[in-house]
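See below for the structure under consideration.
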Amino acid sequence: MKTREKILLALIIISLALLAVILSFGALGAVPLKTIRPLGSFYLYFMANNNIVIQEIYPSITKPSDFWAASTEGITAILWDYRGLDTLFETSVFFFAIIGSVSVFRYYSVSLEEKNKKNTNNSSTNTKTSGQGLSLIVKLITRINFVVIIAVSASIAFHGQLTPGGGFQGGATLAVAPLLAIAALSRYFVEDVGLKKNTMLTIRTLGLLIIGLLALTPLIMGFAGGNPYIMENQPKSWAMFIGFPSFGLGVLLGSLAFYNMAELLAVGAGFTVVFLLLTLPEEFFKKILSREVGKQ
Amino acid sequence: MIELVKTILFFIGMGLVGLGAVFDLIGALGLLRFPNFFVRLHAATIGAIGGAVYPLIGVALMAPSLESFGQYRWYLMGGAIITALFIVLAAPTGSHALARATHRAKVVPVEPKVVDHLEEDRG
């Protein structure tokens with residue numbers, strides 16, 4: 001055995017031993033803390049302080065429900081309620097980024113399938129046959145996973161106000177489904193399912209519209225009297241807005257759940273639009289763009 | 001009686017987690033030592049199925065006895081089973097797609113070769 005190999009072996013043994021020590025300490029320690037740590041209690045106080053347990057921690061505050069965000073998920077509550085305007089403009093930036101990329105491919109309105117129909121004119125080459133995509137095994141599993149991914153993304157988004165997750169994460173997960181289907185099955189499958197560019201753009205715009213309306217609803221109600229402000233979630237003692245529906249720390253919690261659902265639509269459909277545009281054959285859009293240049 | 005079942009399940013689960021570590025080690029060794037791409041891919045799949053699915057099922061079996069987690073232990077159990085199912089579906093499919101594409105494109109030589117029925121079928 002050479003010196004180099006000896007050193008390597010010693011390093012491997014040392015790192016394995018270290019890993020074993022670290023792992024055993026991790027497993028031997030107290031796994032979940034029964035008591036809430038100070039930072040956690042601080043956040044919980046502002047997120048979920050209608051909870052009696054949290055009120056016991058801060059008895060000096062007379063009306064804690066003024067800061068109640070109706071969420072057990074700190075990140076979602078901070079993002080959508082405490083710095084909501086920031087997240088609203090982030091969503092808008094994402095919206096304009098997608099609009100920009102769509103405008104680059106601006107003359108693409110027909111689907112690939114329609115284009116092929118026009119070109120082949122009932123000829124024998126049917127491009128939509130099962131010859132497309134990878135092998136049968138991959139296609140079958142991708143079909144199963146297509147549904148599973150959508151279900152997982154929905155669970156991430158619709159549970160986002162209770163557990164880690166949220167609209168953007170759910171939407172990013174949702175967009176994996178068409179991407180996988182494009183790679184393993186074909187673009188025709190995705191278009192067959194109904195995920196066409198213009199449909200996706202509509203869904204995305206719908207998502208952003210819902211977010212905008214949700215943000216403005218309290219403000220609009222302010223004109224009828226009272227003193228509400230933009231993106232208000234739960235009722236405050238100094239504002240007359242009655243607040244979005246929340247049933248304790250239950251299922252439907254304030255505006256955060258609605259924001260997450262709308263964000264799921266906006267982000268998922270937005271990414272799908274980009275994937276659909278990127279998988280467009282180059283000769284197709286180049287031809288259209290050159291035709292446009294030729295006209296001038 | 002239920003406590004006994006829980007204890008037995010806990011130890012079976014611990015065994016599966018340990019077995020997963022062994023499979024991971026075997027997979028890693030195979031990945032280093034096997035002669036060509038296709039058998040190395042087989043070793044990688046051992047790491048995915050034996051090294052991830054078995055421990056996840058083990059965690060699912062251990063979950064009912066983790067009293068300190070409260071009701072969340074059932075979430076843990078469900079999540080572990082779903083993840084295991086997902087890996088069972090996805091990991092072999094991935095290796096299948098890799099192996100098939102590699103064989104069709106003839107990018108790696110099958111060397112040393114004992115038998116290659118796929119090549120014989122294609123002619």
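Residues in the structure tokens are named by chain (A, B, ... in the order shown) and by number from 1 within that chain; ligands are numbered from 1 in the order shown.
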Find the nearest atom pair between each residue of chain A and chain B for residues within 7 Å, count only C-alpha atoms, give distances in Å to one decimal, sort rows by chain and ascending number, and present the table as JSON lines.
{"residue": "A:Ile137", "atom": "CA", "partner": "B:Thr93", "partner_atom": "CA", "distance": 6.9}
{"residue": "A:Val138", "atom": "CA", "partner": "B:Thr93", "partner_atom": "CA", "distance": 5.8}
{"residue": "A:Ile141", "atom": "CA", "partner": "B:Leu89", "partner_atom": "CA", "distance": 6.7}
Practice problem: Write out as a PyMOL selection string each polymer residue whose atoms come within 8 Å of region 52-57 of chain B, counting only C-alpha atoms; drop sequence neighbours fewer than 6 positions from it. | Solution: chain B and resi 13+16-20+80-81+83-85+87-88
Selected residues, N, CA and C atoms, written as a PDB file, in the first residue's frame, please.
ATOM      1  N   GLY B  13     -38.285  -2.074  11.825  1.00  0.00           N
ATOM      2  CA  GLY B  13     -37.961  -0.805  11.169  1.00  0.00           C
ATOM      3  C   GLY B  13     -36.496  -0.452  11.321  1.00  0.00           C
ATOM      4  N   LEU B  16     -34.513  -2.500   9.029  1.00  0.00           N
ATOM      5  CA  LEU B  16     -34.591  -2.046   7.633  1.00  0.00           C
ATOM      6  C   LEU B  16     -33.701  -0.825   7.407  1.00  0.00           C
ATOM      7  N   VAL B  17     -33.668   0.089   8.402  1.00  0.00           N
ATOM      8  CA  VAL B  17     -32.797   1.267   8.257  1.00  0.00           C
ATOM      9  C   VAL B  17     -31.339   0.835   8.186  1.00  0.00           C
ATOM     10  N   GLY B  18     -30.971  -0.136   9.059  1.00  0.00           N
ATOM     11  CA  GLY B  18     -29.609  -0.659   9.025  1.00  0.00           C
ATOM     12  C   GLY B  18     -29.296  -1.344   7.712  1.00  0.00           C
ATOM     13  N   LEU B  19     -30.291  -2.112   7.212  1.00  0.00           N
ATOM     14  CA  LEU B  19     -30.128  -2.794   5.925  1.00  0.00           C
ATOM     15  C   LEU B  19     -29.908  -1.778   4.805  1.00  0.00           C
ATOM     16  N   GLY B  20     -30.606  -0.641   4.924  1.00  0.00           N
ATOM     17  CA  GLY B  20     -30.438   0.427   3.938  1.00  0.00           C
ATOM     18  C   GLY B  20     -29.009   0.923   3.900  1.00  0.00           C
ATOM     19  N   ALA B  80     -43.458   8.949   4.752  1.00  0.00           N
ATOM     20  CA  ALA B  80     -42.402   7.974   4.444  1.00  0.00           C
ATOM     21  C   ALA B  80     -42.902   6.950   3.428  1.00  0.00           C
ATOM     22  N   ILE B  81     -44.136   6.459   3.612  1.00  0.00           N
ATOM     23  CA  ILE B  81     -44.664   5.435   2.691  1.00  0.00           C
ATOM     24  C   ILE B  81     -44.839   6.022   1.287  1.00  0.00           C
ATOM     25  N   THR B  83     -43.293   8.604  -0.036  1.00  0.00           N
ATOM     26  CA  THR B  83     -41.987   8.848  -0.645  1.00  0.00           C
ATOM     27  C   THR B  83     -41.370   7.552  -1.140  1.00  0.00           C
ATOM     28  N   ALA B  84     -41.519   6.485  -0.349  1.00  0.00           N
ATOM     29  CA  ALA B  84     -40.982   5.181  -0.758  1.00  0.00           C
ATOM     30  C   ALA B  84     -41.631   4.727  -2.063  1.00  0.00           C
ATOM     31  N   LEU B  85     -42.971   4.842  -2.138  1.00  0.00           N
ATOM     32  CA  LEU B  85     -43.685   4.455  -3.363  1.00  0.00           C
ATOM     33  C   LEU B  85     -43.190   5.264  -4.561  1.00  0.00           C
ATOM     34  N   ILE B  87     -40.294   6.721  -4.974  1.00  0.00           N
ATOM     35  CA  ILE B  87     -38.938   6.322  -5.397  1.00  0.00           C
ATOM     36  C   ILE B  87     -39.000   4.987  -6.129  1.00  0.00           C
ATOM     37  N   VAL B  88     -39.856   4.058  -5.640  1.00  0.00           N
ATOM     38  CA  VAL B  88     -39.996   2.757  -6.311  1.00  0.00           C
ATOM     39  C   VAL B  88     -40.423   2.964  -7.760  1.00  0.00           C
TER      40      VAL B  88
END
Practice problem: Show which residues sit within 7 Å of region 197-202 of chain A, as a PyMOL selection string. Count only C-alpha atoms, and ignore same-chain residues fewer than 6 positions away. | Solution: chain A and resi 269-270+273+276
Would you mind exporting N, CA and C atoms of the selected residues as an mmCIF file, in the first residue's frame?
data_model
loop_
_atom_site.group_PDB
_atom_site.id
_atom_site.type_symbol
_atom_site.label_atom_id
_atom_site.label_comp_id
_atom_site.auth_asym_id
_atom_site.auth_seq_id
_atom_site.Cartn_x
_atom_site.Cartn_y
_atom_site.Cartn_z
ATOM 1 N N ALA A 269 -48.513 28.282 -13.974
ATOM 2 C CA ALA A 269 -48.828 28.540 -15.379
ATOM 3 C C ALA A 269 -47.734 29.372 -16.031
ATOM 4 N N GLY A 270 -47.132 30.301 -15.282
ATOM 5 C CA GLY A 270 -46.065 31.134 -15.835
ATOM 6 C C GLY A 270 -44.866 30.311 -16.272
ATOM 7 N N VAL A 273 -45.671 28.278 -19.392
ATOM 8 C CA VAL A 273 -45.584 29.072 -20.620
ATOM 9 C C VAL A 273 -44.146 29.111 -21.124
ATOM 10 N N LEU A 276 -43.108 25.765 -22.525
ATOM 11 C CA LEU A 276 -43.731 25.519 -23.826
ATOM 12 C C LEU A 276 -43.026 26.316 -24.913
#
Quiz item: What is the distance, in Å and to one decimal place, between CA of Leu98 (chain B) and CA of Phe38 (chain B)?
Solution: 9.3 Å
Exercise. Can you work out the spacing between CA of Arg40 (chain B) and CA of Ile12 (chain A) in Å, to one decimal?
Key: 21.9 Å
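Separating CA of Gly70 (chain B) from CA of Val152 (chain A) is a distance of 24.0 Å.
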Quiz prompt | Secondary structure check, helix (DSSP H, G or I) residues of chain B, as a PyMOL selection string | solution = chain B and resi 2-33+37-65+67-69+72-105+117-122
Practice problem: Identify which of the residues A:Ile144, A:Met47, A:Leu253, A:Ala151 lies closest to Thr72 (chain A), counting only C-alpha atoms when measuring atom-to-atom distances. | Solution: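 Closest residue, counting only C-alpha atoms: A:Met47.
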Practice problem: Mind checking which residues fall within 12 Å of Ile2 (chain B), counting only C-alpha atoms, ignoring those fewer than 5 positions away in the same chain, and posting them as number ranges by chain? | Solution: B: 7-9, 64-65
I need the chosen residues saved as a compact mmCIF listing (two decimals), in the first residue's frame, with N, CA and C atoms.
# COMPACT_ATOMS: atom_id res chain seq x y z
N THR B 7 -43.55 -2.54 19.42
CA THR B 7 -42.12 -2.79 19.69
C THR B 7 -41.51 -3.65 18.59
N ILE B 8 -42.25 -4.70 18.20
CA ILE B 8 -41.74 -5.58 17.14
C ILE B 8 -41.55 -4.77 15.85
N LEU B 9 -42.56 -3.95 15.51
CA LEU B 9 -42.47 -3.12 14.30
C LEU B 9 -41.28 -2.17 14.39
N PRO B 64 -45.05 4.53 14.57
CA PRO B 64 -46.10 4.39 15.59
C PRO B 64 -45.58 4.38 17.02
N SER B 65 -44.32 3.95 17.23
CA SER B 65 -43.82 3.91 18.61
C SER B 65 -43.17 5.21 19.05
Quick one: residues within 12 Å of Phe89 (chain A), only C-alpha atoms counted, chain neighbours fewer than 6 positions away excluded, as a PDB file with C-alpha atoms, in the first residue's frame?
ATOM      1  CA  LEU A  79     -44.330  37.044   3.422  1.00  0.00           C
ATOM      2  CA  TRP A  80     -48.007  37.680   2.769  1.00  0.00           C
ATOM      3  CA  ARG A  83     -44.268  42.379   4.313  1.00  0.00           C
ATOM      4  CA  PHE A  95     -45.402  38.523 -14.121  1.00  0.00           C
ATOM      5  CA  PHE A  96     -43.487  41.074 -16.206  1.00  0.00           C
ATOM      6  CA  LEU A 208     -52.421  37.685 -10.630  1.00  0.00           C
ATOM      7  CA  ILE A 211     -53.958  38.439  -5.954  1.00  0.00           C
ATOM      8  CA  GLY A 212     -54.565  42.059  -6.934  1.00  0.00           C
ATOM      9  CA  ALA A 215     -54.938  42.974  -1.919  1.00  0.00           C
TER      10      ALA A 215
END
Exercise. Just the residues within 9 Å of Ser255 (chain A), please, counting only C-alpha atoms, with nothing from its chain fewer than 6 positions along; format it as a VMD selection string.
Key: chain A and resid 70 80 to 81 214 to 215 231 to 234 243 to 246
Create the file for the chosen residues now, containing C-alpha atoms and written as a PDB file, in the first residue's frame.
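Here's the written file out-v6.pdb:
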ATOM      1  CA  ALA A  70     -54.094  33.502  11.367  1.00  0.00           C
ATOM      2  CA  TRP A  80     -48.007  37.680   2.769  1.00  0.00           C
ATOM      3  CA  ASP A  81     -49.088  39.605   5.833  1.00  0.00           C
ATOM      4  CA  LEU A 214     -57.462  40.239  -2.681  1.00  0.00           C
ATOM      5  CA  ALA A 215     -54.938  42.974  -1.919  1.00  0.00           C
ATOM      6  CA  MET A 231     -53.481  43.689   1.963  1.00  0.00           C
ATOM      7  CA  GLU A 232     -55.191  43.637   5.370  1.00  0.00           C
ATOM      8  CA  ASN A 233     -55.725  40.079   6.450  1.00  0.00           C
ATOM      9  CA  GLN A 234     -57.372  39.894   9.878  1.00  0.00           C
ATOM     10  CA  GLY A 243     -61.128  40.496   7.876  1.00  0.00           C
ATOM     11  CA  PHE A 244     -60.910  37.431   5.695  1.00  0.00           C
ATOM     12  CA  PRO A 245     -62.635  34.311   7.054  1.00  0.00           C
ATOM     13  CA  SER A 246     -60.615  32.347   9.586  1.00  0.00           C
TER      14      SER A 246
END
Quiz item: Quick one: residues within 10 Å of Asn36 (chain B), only C-alpha atoms counted, chain neighbours fewer than 5 positions away excluded, as a ChimeraX atom specification?
Solution: /B:31,41,108-113
